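Structure file my_file10.cif (mmCIF, C-alpha atoms and all ligand atoms) follows.
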data_upload
#
loop_
_atom_site.label_atom_id
_atom_site.label_comp_id
_atom_site.auth_asym_id
_atom_site.auth_seq_id
_atom_site.Cartn_x
_atom_site.Cartn_y
_atom_site.Cartn_z
CA MET I 26 1.04 24.53 26.07
CA THR I 27 3.88 26.40 24.32
CA GLU I 28 3.95 26.71 20.56
CA LEU I 29 3.68 23.37 18.80
CA ARG I 30 6.42 22.67 16.26
CA VAL I 31 6.95 19.98 13.62
CA VAL I 32 10.41 18.40 13.92
CA ASP I 33 12.42 15.55 12.47
CA VAL I 34 12.38 12.89 15.17
CA ALA I 35 15.85 12.38 16.66
CA GLU I 36 17.26 9.17 18.10
CA ASP I 37 16.94 10.42 21.69
CA GLN I 38 13.21 11.03 21.14
CA LEU I 39 12.44 7.43 20.19
CA ASP I 40 11.55 6.44 23.77
CA SER I 41 8.97 9.23 23.82
CA VAL I 42 7.55 8.06 20.48
CA TRP I 43 7.32 4.53 21.91
CA GLN I 44 5.35 5.85 24.91
CA VAL I 45 2.89 7.68 22.63
CA ARG I 46 2.57 4.52 20.51
CA ILE I 47 1.64 2.39 23.53
CA ARG I 48 -0.97 4.95 24.53
CA SER I 49 -2.27 4.91 20.93
CA PHE I 50 -2.09 1.31 19.73
CA GLY I 51 -1.88 -0.65 22.99
CA PRO I 52 0.99 -2.63 24.49
CA GLY I 53 2.89 -5.31 22.61
CA GLY I 54 5.73 -5.59 20.16
CA ASP I 55 9.43 -5.66 20.84
CA ARG I 56 10.72 -2.23 21.82
CA ASP I 57 14.32 -2.90 20.75
CA GLU I 58 13.26 -4.31 17.37
CA TRP I 59 10.98 -1.32 16.85
CA LYS I 60 13.78 1.11 17.73
CA LYS I 61 16.22 -0.63 15.40
CA ASN I 62 13.73 -0.35 12.55
CA ALA I 63 12.82 3.24 13.49
CA LEU I 64 16.47 4.30 13.04
CA THR I 65 16.21 3.47 9.33
CA PHE I 66 13.67 6.33 8.97
CA MET I 67 16.05 8.98 10.26
CA ASP I 68 16.85 10.30 6.76
CA GLY I 69 13.97 12.74 6.87
CA ARG I 70 11.16 10.19 6.92
CA PHE I 71 10.29 10.36 10.64
CA LEU I 72 8.36 13.45 11.68
CA GLY I 73 7.10 14.51 15.07
CA VAL I 74 5.38 17.38 16.84
CA VAL I 75 6.88 18.87 20.00
CA ASP I 76 5.39 21.07 22.67
CA GLY I 77 8.51 22.73 24.03
CA ASP I 78 10.81 19.76 24.64
CA GLU I 79 8.07 17.20 24.84
CA LEU I 80 7.35 14.97 21.85
CA VAL I 81 3.57 14.69 21.52
CA ALA I 82 3.00 13.17 18.06
CA ALA I 83 4.84 11.19 15.39
CA ALA I 84 4.49 9.62 11.93
CA ARG I 85 6.86 7.99 9.51
CA ILE I 86 7.09 7.45 5.78
CA TRP I 87 8.07 4.14 4.14
CA PRO I 88 10.08 4.49 0.90
CA PHE I 89 7.92 2.20 -1.20
CA GLU I 90 7.27 1.75 -4.84
CA GLN I 91 3.80 0.65 -5.85
CA TRP I 92 2.64 -1.12 -9.02
CA TRP I 93 0.13 0.89 -11.05
CA GLY I 94 -0.98 -0.52 -14.40
CA GLY I 95 2.08 -2.80 -14.38
CA ARG I 96 4.65 -0.04 -13.77
CA ARG I 97 6.50 1.03 -10.63
CA VAL I 98 5.56 4.36 -9.07
CA PRO I 99 7.48 5.68 -6.01
CA MET I 100 5.09 5.98 -3.08
CA GLY I 101 5.48 7.32 0.46
CA GLY I 102 3.68 4.88 2.77
CA VAL I 103 2.52 6.77 5.87
CA ALA I 104 2.56 4.69 9.06
CA GLY I 105 2.54 4.95 12.82
CA VAL I 106 0.49 8.17 12.94
CA VAL I 107 0.05 8.86 16.67
CA VAL I 108 -0.90 11.82 18.82
CA ALA I 109 -0.63 11.73 22.64
CA PRO I 110 -4.16 11.41 24.14
CA GLU I 111 -4.00 14.74 25.97
CA TYR I 112 -3.20 16.57 22.70
CA ARG I 113 -5.92 14.99 20.52
CA GLY I 114 -8.82 16.89 19.00
CA ARG I 115 -7.05 20.21 18.57
CA GLY I 116 -5.42 19.89 15.18
CA VAL I 117 -2.09 18.25 16.12
CA GLY I 118 -2.69 15.25 13.83
CA SER I 119 -3.59 17.60 10.96
CA LEU I 120 -0.54 19.79 11.57
CA MET I 121 1.70 16.73 11.42
CA MET I 122 0.03 15.17 8.38
CA ARG I 123 0.40 18.44 6.46
CA ALA I 124 4.13 18.26 7.18
CA VAL I 125 4.13 14.60 6.10
CA LEU I 126 2.52 15.56 2.77
CA GLN I 127 5.09 18.30 2.25
CA ARG I 128 7.87 15.84 3.07
CA CYS I 129 6.48 13.47 0.41
CA VAL I 130 6.78 16.39 -2.05
CA ASP I 131 10.37 17.07 -0.92
CA LYS I 132 11.30 13.39 -1.22
CA GLY I 133 9.85 13.22 -4.74
CA TYR I 134 7.13 10.61 -4.16
CA PRO I 135 4.39 11.13 -6.78
CA LEU I 136 2.01 9.13 -4.55
CA THR I 137 1.35 8.54 -0.88
CA ALA I 138 -0.84 5.84 0.66
CA LEU I 139 -1.92 4.66 4.11
CA TYR I 140 -4.24 2.36 6.02
CA PRO I 141 -6.62 4.69 7.89
CA ALA I 142 -7.79 4.01 11.45
CA THR I 143 -10.13 6.96 10.93
CA THR I 144 -10.90 8.45 7.53
CA VAL I 145 -11.78 12.01 8.64
CA LEU I 146 -8.25 13.26 9.24
CA TYR I 147 -6.97 11.86 5.94
CA ARG I 148 -9.93 12.87 3.79
CA HIS I 149 -9.51 16.46 4.95
CA LEU I 150 -6.01 16.26 3.48
CA GLY I 151 -7.04 14.71 0.17
CA TYR I 152 -6.63 10.95 0.67
CA GLU I 153 -9.37 8.64 -0.63
CA PHE I 154 -10.04 4.89 -0.68
CA ALA I 155 -8.22 3.26 -3.56
CA GLY I 156 -7.92 -0.46 -2.88
CA HIS I 157 -8.14 -3.35 -0.48
CA ARG I 158 -6.07 -5.91 1.33
CA TYR I 159 -7.81 -9.29 1.25
CA LYS I 160 -7.23 -12.26 3.54
CA PHE I 161 -8.92 -15.43 2.28
CA ALA I 162 -9.15 -18.74 4.16
CA PHE I 163 -8.76 -22.00 2.22
CA GLN I 164 -8.99 -25.60 3.39
CA ALA I 165 -5.44 -26.89 3.78
CA ALA I 166 -6.54 -30.34 2.55
CA ASP I 167 -7.69 -28.79 -0.75
CA LEU I 168 -4.30 -27.22 -1.32
CA ARG I 169 -2.38 -30.39 -0.42
CA THR I 170 -3.87 -32.29 -3.35
CA LEU I 171 -3.27 -29.60 -5.96
CA SER I 172 -0.03 -31.32 -6.96
CA ASP I 173 0.98 -34.97 -7.10
CA GLY I 174 4.47 -33.98 -5.97
CA LYS I 175 6.03 -35.27 -9.19
CA GLY I 176 5.91 -32.03 -11.16
CA THR I 177 7.70 -28.74 -10.56
CA ALA I 178 10.61 -28.82 -8.12
CA VAL I 179 10.66 -26.23 -5.36
CA ARG I 180 13.67 -25.41 -3.21
CA LYS I 181 14.05 -23.67 0.12
CA ALA I 182 14.83 -19.95 -0.26
CA GLY I 183 16.99 -17.80 2.04
CA ARG I 184 18.32 -14.30 2.51
CA GLY I 185 20.44 -14.53 -0.66
CA ASP I 186 17.29 -14.98 -2.77
CA ALA I 187 15.87 -11.50 -2.06
CA ASP I 188 16.78 -10.13 -5.50
CA LEU I 189 15.42 -13.23 -7.22
CA LEU I 190 12.09 -12.94 -5.39
CA LEU I 191 11.81 -9.24 -6.23
CA GLU I 192 12.55 -10.03 -9.88
CA LEU I 193 10.00 -12.86 -10.08
CA ALA I 194 7.31 -10.70 -8.45
CA GLY I 195 8.18 -7.83 -10.80
CA LYS I 196 7.81 -10.02 -13.89
CA GLU I 197 4.38 -11.19 -12.82
CA HIS I 198 3.10 -7.75 -11.85
CA GLN I 199 4.21 -6.38 -15.20
CA ALA I 200 2.56 -9.24 -17.07
CA ARG I 201 -0.66 -8.95 -15.05
CA ARG I 202 -0.69 -5.13 -15.16
CA SER I 203 -1.09 -5.14 -11.40
CA SER I 204 -2.18 -2.08 -9.49
CA GLY I 205 -1.57 -1.71 -5.79
CA PRO I 206 1.07 -4.24 -4.64
CA LEU I 207 4.05 -2.76 -2.82
CA ILE I 208 7.71 -3.12 -3.64
CA TRP I 209 9.54 -3.14 -0.30
CA PRO I 210 13.14 -2.04 0.17
CA ARG I 211 15.42 -5.03 -0.42
CA THR I 212 16.75 -4.91 3.17
CA GLU I 213 13.22 -5.62 4.42
CA VAL I 214 12.83 -8.58 2.07
CA GLU I 215 16.18 -9.92 3.27
CA SER I 216 15.11 -9.65 6.90
CA TRP I 217 11.88 -11.59 6.23
CA LEU I 218 13.86 -14.30 4.47
CA GLU I 219 16.31 -14.72 7.34
CA ASP I 220 13.53 -14.83 9.93
CA GLU I 221 13.26 -18.48 11.00
CA ASP I 222 9.50 -18.03 11.51
CA ASN I 223 9.02 -17.47 7.77
CA PHE I 224 9.21 -20.35 5.31
CA ALA I 225 10.12 -19.48 1.74
CA TYR I 226 10.26 -21.77 -1.30
CA VAL I 227 11.18 -20.87 -4.84
CA ALA I 228 10.59 -22.46 -8.25
CA ASP I 229 11.72 -21.38 -11.73
CA ASP I 230 8.91 -18.86 -12.14
CA GLY I 231 7.50 -18.31 -8.68
CA PHE I 232 7.87 -18.40 -4.91
CA VAL I 233 5.89 -18.58 -1.71
CA VAL I 234 6.52 -17.02 1.71
CA TYR I 235 4.37 -18.33 4.56
CA ASN I 236 4.34 -18.83 8.32
CA TRP I 237 2.27 -20.06 11.25
CA SER I 238 -0.51 -17.83 12.55
CA ASP I 239 -2.62 -18.89 15.56
CA GLY I 240 -2.55 -22.59 14.58
CA ASP I 241 -3.25 -21.89 10.89
CA LEU I 242 -0.74 -21.50 8.11
CA ALA I 243 -0.66 -18.02 6.55
CA VAL I 244 0.60 -17.21 3.05
CA ASP I 245 2.12 -13.72 2.91
CA GLU I 246 2.85 -13.86 -0.80
CA LEU I 247 2.67 -16.46 -3.56
CA ILE I 248 3.78 -15.62 -7.07
CA SER I 249 3.46 -18.13 -9.89
CA GLY I 250 4.14 -17.70 -13.58
CA SER I 251 2.53 -21.00 -14.60
CA GLU I 252 -0.16 -23.45 -13.54
CA GLN I 253 2.42 -26.08 -12.57
CA THR I 254 4.24 -23.68 -10.28
CA ALA I 255 0.99 -22.47 -8.70
CA ARG I 256 0.02 -26.08 -7.96
CA ALA I 257 3.47 -26.98 -6.61
CA LEU I 258 3.74 -23.95 -4.31
CA TRP I 259 0.18 -24.08 -2.93
CA ALA I 260 0.60 -27.83 -2.39
CA THR I 261 3.82 -27.20 -0.45
CA VAL I 262 1.85 -25.01 1.95
CA GLY I 263 -1.05 -27.50 1.97
CA SER I 264 1.32 -30.33 2.93
CA GLY I 265 0.86 -28.99 6.48
CA ALA I 266 -2.80 -30.19 6.40
CA SER I 267 -2.29 -32.83 9.10
CA ILE I 268 -1.67 -30.04 11.64
CA ALA I 269 -3.22 -26.90 10.09
CA LYS I 270 -6.80 -27.25 8.89
CA THR I 271 -6.90 -23.77 7.39
CA VAL I 272 -4.52 -21.77 5.21
CA GLN I 273 -5.01 -18.02 5.43
CA ALA I 274 -3.81 -16.30 2.27
CA TYR I 275 -3.19 -12.67 1.39
CA CYS I 276 -3.98 -12.56 -2.32
CA PRO I 277 -6.24 -10.68 -4.73
CA PRO I 278 -9.81 -11.83 -5.49
CA PHE I 279 -8.69 -12.74 -9.02
CA ASP I 280 -5.72 -14.88 -7.91
CA PRO I 281 -5.53 -18.21 -9.79
CA ILE I 282 -5.94 -20.11 -6.50
CA HIS I 283 -9.66 -19.22 -6.57
CA LEU I 284 -9.87 -21.11 -9.87
CA LEU I 285 -7.74 -24.05 -8.73
CA ALA I 286 -9.01 -24.89 -5.22
CA GLU I 287 -11.93 -27.33 -5.12
CA HIS I 288 -13.80 -25.49 -2.38
CA GLU I 289 -14.35 -21.75 -2.48
CA ALA I 290 -12.61 -19.62 0.13
CA ASP I 291 -14.36 -19.30 3.47
CA GLY I 292 -17.14 -16.67 3.48
CA ASP I 293 -15.34 -14.74 6.23
CA THR I 294 -12.90 -12.98 3.95
CA ARG I 295 -11.10 -10.24 5.86
CA ILE I 296 -10.79 -6.90 4.09
CA ASN I 297 -8.79 -3.77 5.02
CA ARG I 298 -9.08 -0.66 2.89
CA TRP I 299 -6.20 1.64 2.07
CA MET I 300 -6.24 5.24 0.89
CA LEU I 301 -4.22 6.99 -1.78
CA ARG I 302 -3.26 10.57 -2.56
CA LEU I 303 -1.54 12.05 -5.60
CA VAL I 304 1.36 14.20 -4.40
CA ASP I 305 2.65 15.20 -7.83
CA ALA I 306 -0.15 14.69 -10.35
CA PRO I 307 1.92 14.97 -13.60
CA ALA I 308 4.57 12.56 -12.24
CA ALA I 309 1.93 10.13 -10.96
CA ILE I 310 0.36 10.00 -14.44
CA ALA I 311 3.69 9.81 -16.30
CA THR I 312 5.13 6.92 -14.25
CA ARG I 313 2.12 4.56 -14.14
CA GLY I 314 1.01 2.21 -16.91
CA PHE I 315 -2.30 2.39 -18.77
CA PRO I 316 -4.08 -0.29 -20.82
CA ASP I 317 -2.67 -0.71 -24.33
CA GLY I 318 -5.00 0.26 -27.11
CA VAL I 319 -6.94 2.87 -25.13
CA VAL I 320 -6.66 6.45 -26.35
CA LEU I 321 -7.87 9.50 -24.44
CA GLU I 322 -7.62 13.26 -24.85
CA ALA I 323 -9.40 15.05 -22.00
CA ASP I 324 -9.29 18.33 -20.10
CA LEU I 325 -9.05 18.28 -16.34
CA ARG I 326 -9.45 21.02 -13.75
CA ILE I 327 -7.76 20.06 -10.47
CA ASP I 328 -8.32 22.06 -7.29
CA ASP I 329 -5.92 20.90 -4.59
CA PRO I 330 -5.99 23.20 -1.54
CA GLU I 331 -3.16 21.34 0.25
CA LEU I 332 -0.72 20.97 -2.64
CA PRO I 333 -1.18 23.99 -4.91
CA ALA I 334 1.28 22.71 -7.54
CA ASN I 335 -1.46 20.24 -8.56
CA THR I 336 -4.05 23.00 -8.87
CA GLY I 337 -4.76 24.24 -12.38
CA ASP I 338 -6.07 23.41 -15.82
CA TRP I 339 -4.50 20.32 -17.34
CA HIS I 340 -4.71 18.23 -20.47
CA LEU I 341 -4.59 14.46 -20.03
CA SER I 342 -3.36 12.40 -23.00
CA VAL I 343 -3.22 8.62 -22.88
CA ALA I 344 -2.01 6.43 -25.75
CA GLY I 345 0.24 3.42 -26.25
CA GLY I 346 0.04 2.42 -22.58
CA SER I 347 1.43 5.74 -21.27
CA GLY I 348 -0.09 9.01 -20.08
CA ARG I 349 0.86 12.68 -19.83
CA LEU I 350 -0.63 15.54 -17.85
CA THR I 351 0.34 18.93 -19.26
CA PRO I 352 -0.75 22.48 -18.38
CA ALA I 353 -3.61 23.67 -20.58
CA ASP I 354 -6.01 26.56 -21.10
CA PRO I 355 -9.25 26.45 -19.12
CA THR I 356 -12.22 24.91 -20.96
CA SER I 357 -15.88 24.58 -20.05
CA GLU I 358 -15.69 20.84 -20.84
CA ALA I 359 -13.02 20.07 -18.22
CA LEU I 360 -13.66 17.31 -15.72
CA ARG I 361 -13.43 18.95 -12.28
CA VAL I 362 -11.80 17.05 -9.42
CA GLY I 363 -10.30 17.69 -6.02
CA PRO I 364 -7.53 15.52 -4.58
CA ARG I 365 -9.94 12.85 -3.26
CA GLY I 366 -11.67 12.50 -6.63
CA LEU I 367 -8.30 12.43 -8.39
CA ALA I 368 -6.99 9.63 -6.14
CA ALA I 369 -10.13 7.54 -6.55
CA LEU I 370 -10.12 8.13 -10.33
CA TYR I 371 -6.43 7.12 -10.53
CA ALA I 372 -7.33 3.88 -8.74
CA GLY I 373 -10.03 3.06 -11.29
CA THR I 374 -13.19 3.96 -9.36
CA PRO I 375 -15.98 4.12 -11.97
CA LEU I 376 -16.97 7.66 -12.96
CA ALA I 377 -20.61 6.96 -12.07
CA ALA I 378 -19.57 6.25 -8.47
CA LEU I 379 -17.35 9.34 -8.33
CA ARG I 380 -20.20 11.52 -9.63
CA ALA I 381 -22.70 9.96 -7.21
CA ALA I 382 -20.32 10.75 -4.33
CA GLY I 383 -19.84 14.33 -5.55
CA LEU I 384 -16.11 13.81 -6.08
CA VAL I 385 -16.20 14.63 -9.80
CA THR I 386 -18.25 17.14 -11.78
CA GLY I 387 -18.33 18.43 -15.34
CA GLY I 388 -16.45 16.81 -18.19
CA ALA I 389 -17.35 16.07 -21.78
CA ALA I 390 -20.58 14.08 -22.06
CA ASP I 391 -19.07 11.10 -23.83
CA ALA I 392 -15.75 10.95 -21.93
CA ASP I 393 -16.79 8.89 -18.87
CA SER I 394 -16.67 5.51 -20.58
CA VAL I 395 -13.19 6.24 -21.99
CA LEU I 396 -11.98 7.46 -18.58
CA ASN I 397 -13.31 4.23 -17.06
CA ALA I 398 -11.37 2.22 -19.65
CA VAL I 399 -8.20 4.28 -19.15
CA PHE I 400 -8.06 4.05 -15.36
CA GLY I 401 -9.78 0.65 -15.04
CA GLY I 402 -8.02 -2.69 -15.03
CA PRO I 403 -7.34 -5.33 -12.40
CA THR I 404 -8.72 -4.31 -8.97
CA PRO I 405 -6.04 -2.50 -6.91
CA TYR I 406 -4.90 -4.57 -3.94
CA MET I 407 -2.06 -4.75 -1.42
CA LEU I 408 -0.71 -7.86 0.28
CA ASP I 409 0.94 -6.09 3.20
CA TYR I 410 -0.03 -3.92 6.09
CA PHE I 411 2.43 -1.20 7.07
C1 LIG N 1 -6.26 9.66 14.92
C2 LIG N 1 -5.37 10.69 15.59
C3 LIG N 1 -3.98 10.61 14.96
C4 LIG N 1 -5.99 12.08 15.30
O1 LIG N 1 -5.17 13.09 15.87
P1 LIG N 1 -5.79 14.50 16.31
O2 LIG N 1 -4.68 15.38 16.69
O3 LIG N 1 -6.86 14.26 17.31
O4 LIG N 1 -6.44 14.98 14.93
P2 LIG N 1 -7.00 16.44 14.58
O5 LIG N 1 -7.34 17.16 15.85
O6 LIG N 1 -6.04 17.10 13.68
O7 LIG N 1 -8.33 16.07 13.82
C5 LIG N 1 -8.46 16.20 12.42
C6 LIG N 1 -9.86 15.79 12.03
O8 LIG N 1 -10.04 14.39 12.28
C7 LIG N 1 -11.15 14.20 13.13
N1 LIG N 1 -10.85 13.07 14.00
C8 LIG N 1 -9.77 12.92 14.80
N2 LIG N 1 -9.84 11.74 15.45
C9 LIG N 1 -10.98 11.15 15.04
C10 LIG N 1 -11.63 9.92 15.36
N3 LIG N 1 -11.09 9.05 16.23
N4 LIG N 1 -12.80 9.64 14.77
C11 LIG N 1 -13.37 10.50 13.89
N5 LIG N 1 -12.79 11.69 13.54
C12 LIG N 1 -11.63 12.00 14.12
C13 LIG N 1 -11.31 15.48 13.90
O9 LIG N 1 -12.64 15.65 14.36
C14 LIG N 1 -10.93 16.50 12.84
O10 LIG N 1 -12.01 16.69 11.95
P3 LIG N 1 -12.78 18.12 11.89
O11 LIG N 1 -11.70 19.12 11.56
O12 LIG N 1 -13.79 17.93 10.82
O13 LIG N 1 -13.36 18.31 13.26
C15 LIG N 1 -5.30 10.50 17.13
O14 LIG N 1 -6.61 10.46 17.63
C16 LIG N 1 -4.61 9.22 17.55
O15 LIG N 1 -3.39 9.23 17.77
N6 LIG N 1 -5.35 8.13 17.70
C17 LIG N 1 -4.81 6.84 18.12
C18 LIG N 1 -3.91 6.22 17.06
C19 LIG N 1 -4.53 6.21 15.68
O16 LIG N 1 -5.66 5.82 15.47
N7 LIG N 1 -3.73 6.62 14.68
C20 LIG N 1 -4.13 6.67 13.30
C21 LIG N 1 -3.54 5.52 12.60
S1 LIG N 1 -3.97 5.53 10.88
#

What is this structure when it is put down as structure tokens?
Amino acid sequence: MTELRVVDVAEDQLDSVWQVRIRSFGPGGDRDEWKKNALTFMDGRFLGVVDGDELVAAARIWPFEQWWGGRRVPMGGVAGVVVAPEYRGRGVGSLMMRAVLQRCVDKGYPLTALYPATTVLYRHLGYEFAGHRYKFAFQAADLRTLSDGKGTAVRKAGRGDADLLLELAGKEHQARRSSGPLIWPRTEVESWLEDEDNFAYVADDGFVVYNWSDGDLAVDELISGSEQTARALWATVGSGASIAKTVQAYCPPFDPIHLLAEHEADGDTRINRWMLRLVDAPAAIATRGFPDGVVLEADLRIDDPELPANTGDWHLSVAGGSGRLTPADPTSEALRVGPRGLAALYAGTPLAALRAAGLVTGGAADADSVLNAVFGGPTPYMLDYF
């Protein structure tokens, strides 16, 4: 083994990355499609580790935005983290992930998130669980009868509707103060809409995108700004009830469909957890939304061994739905957090849970309930895996 180096993956290394991926995730997928997509990460968002000339690890960063408290926060979504089997267990994954974190700093993402296959590697670097991805199963027949077909008109949507869909989703996430859902680059939305295996329908204040999945229908996203639209769009999917008995749906646990469908979702709800990390703590606080009417003045001591710019004594002010984190003098009343505690706090984990897990210590005696109110809100969720 010569000296291991972190590099930006080049086009002629993509075949090597593909080989490491097969060894890591198993066979499957379309190599040409994957390569075409991989090329879009070549602007500094595809990192690898080489041993001499041999590529032995890779990871890439999606240029997402993520809703937090109803506002958009740029977020680097880390995906495809792979290390060749013969190089595992000797710090290669950690070396690469440190470079990925630094690249998120360089690219100006206040946040980074990922779906962990193992938590250990990511926790060492300051990521912590922040939200879920839920897949519920409804009876198609229940959905079919939600509308009598005489109400809201829906029309077929296509590639040219990408901006409209992004706008409709944005309106709803702002209104609902959503935390967690991703905003994908428009080119990705366009490619889903032109894929003949996806079916998209749009109404005045909502849309649905769904497809077939192992004999069931599967809703990737359904946005509705009114009861009528919710009924019309779910019923459009449910109209497939003669063939599909079940409709799988990616949606949050508080989605209106849980209140509309006659039968509750199947007990076998599928849940994936995702992890979050604050890359730039002041920017992450300044860009997200907070609940209106909640006011907080609190001192915070952050110790972040990986990203020292976050380390220090800070003052957190929240008022009028916005927050600010500014450098401050040390105080004995400061709430003490590391990067994992900070990520979980940002995502609304109750202070009692953070204290019980040892992720938070100190703080003013009466501040926990206000911190819960400030960072709480609708449960963070994502609809998509990446
Ligand atoms: C997961 C993976 C990227 C780790 O790479 P690696 O080079 O072995 O990681 P490191 O040697 O830097 O290990 C970092 C820490 O994670 C731990 N770790 C690594 N793999 C682990 C696993 N499968 N289970 C539990 N802990 C693991 C190590 O023990 C180490 O912790 P320690 O310092 O406390 O001992 C690699 O095993 C891999 O490619 N796996 C297959 C694909 C995959 O699962 N990718 C992750 C997708 S999110």

*How many Å lie between atom C1 of ligand LIG 1 (chain N) and CA of Leu39 (chain I), rounded to one decimal?*
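Computing it gives 19.6 Å between the two atoms.
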
*Enumerate as a ChimeraX atom specification the residues within 6 Å of ligand LIG 1 (chain N), counting all atoms listed in the file.*
/I:49-50,106-108,113-119,140-143,145-146

Selected residues written out, C-alpha atoms, as a compact mmCIF listing (two decimals), in the frame of the given file:
# COMPACT_ATOMS: atom_id res chain seq x y z
CA SER I 49 -2.27 4.91 20.93
CA PHE I 50 -2.09 1.31 19.73
CA VAL I 106 0.49 8.17 12.94
CA VAL I 107 0.05 8.86 16.67
CA VAL I 108 -0.90 11.82 18.82
CA ARG I 113 -5.92 14.99 20.52
CA GLY I 114 -8.82 16.89 19.00
CA ARG I 115 -7.05 20.21 18.57
CA GLY I 116 -5.42 19.89 15.18
CA VAL I 117 -2.09 18.25 16.12
CA GLY I 118 -2.69 15.25 13.83
CA SER I 119 -3.59 17.60 10.96
CA TYR I 140 -4.24 2.36 6.02
CA PRO I 141 -6.62 4.69 7.89
CA ALA I 142 -7.79 4.01 11.45
CA THR I 143 -10.13 6.96 10.93
CA VAL I 145 -11.78 12.01 8.64
CA LEU I 146 -8.25 13.26 9.24

*Name the residues within 9 Å of (3.0, 2.1, -9.6), counting only C-alpha atoms in the file's coordinates, and put them as a list in words.*
Glu90, Gln91, Trp92, Trp93, Gly94, Gly95, Arg96, Arg97, Val98, Pro99, Met100, Leu136, Ser203, Ser204, Gly205, Pro206, Leu207, Ala309, Thr312, Arg313 and Gly314 of chain I

_Pick from I:Ala178, I:Leu325, I:Leu350, I:Val244, whichever lies nearest to Pro307 (chain I) using all atoms listed in the file_ =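 Checking each of I:Ala178, I:Leu325, I:Leu350, I:Val244 against Pro307 (chain I), counting all atoms listed in the file, the winner is I:Leu350.
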
_With 9 Å as the threshold, what does the neighbourhood of (-8.5, -9.3, -7.8) contain in terms of residues, counting all atoms listed in the file? Coordinates are those of the file; answer as a VMD selection string._
chain I and resid 276 to 280 403 to 406

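CA of Phe315 (chain I) to CA of Gly346 (chain I) spans 4.5 Å [interatomic distance, one decimal].
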
Arg298 (chain I) surroundings by only C-alpha atoms, 7 Å radius, close-in-sequence under 5 positions cut, as a PDB file with C-alpha atoms, keeping the file's coordinate frame:
ATOM      1  CA  TYR I 140      -4.240   2.360   6.020  1.00  0.00           C
ATOM      2  CA  PHE I 154     -10.040   4.890  -0.680  1.00  0.00           C
ATOM      3  CA  GLY I 156      -7.920  -0.460  -2.880  1.00  0.00           C
ATOM      4  CA  HIS I 157      -8.140  -3.350  -0.480  1.00  0.00           C
ATOM      5  CA  ARG I 158      -6.070  -5.910   1.330  1.00  0.00           C
TER       6      ARG I 158
END

_Pick from I:Arg30, I:Arg184, I:Gly51, I:Gly240, whichever lies nearest to Asp220 (chain I) using all atoms listed in the file_ =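 The answer is I:Arg184, which sits nearest to Asp220 (chain I).
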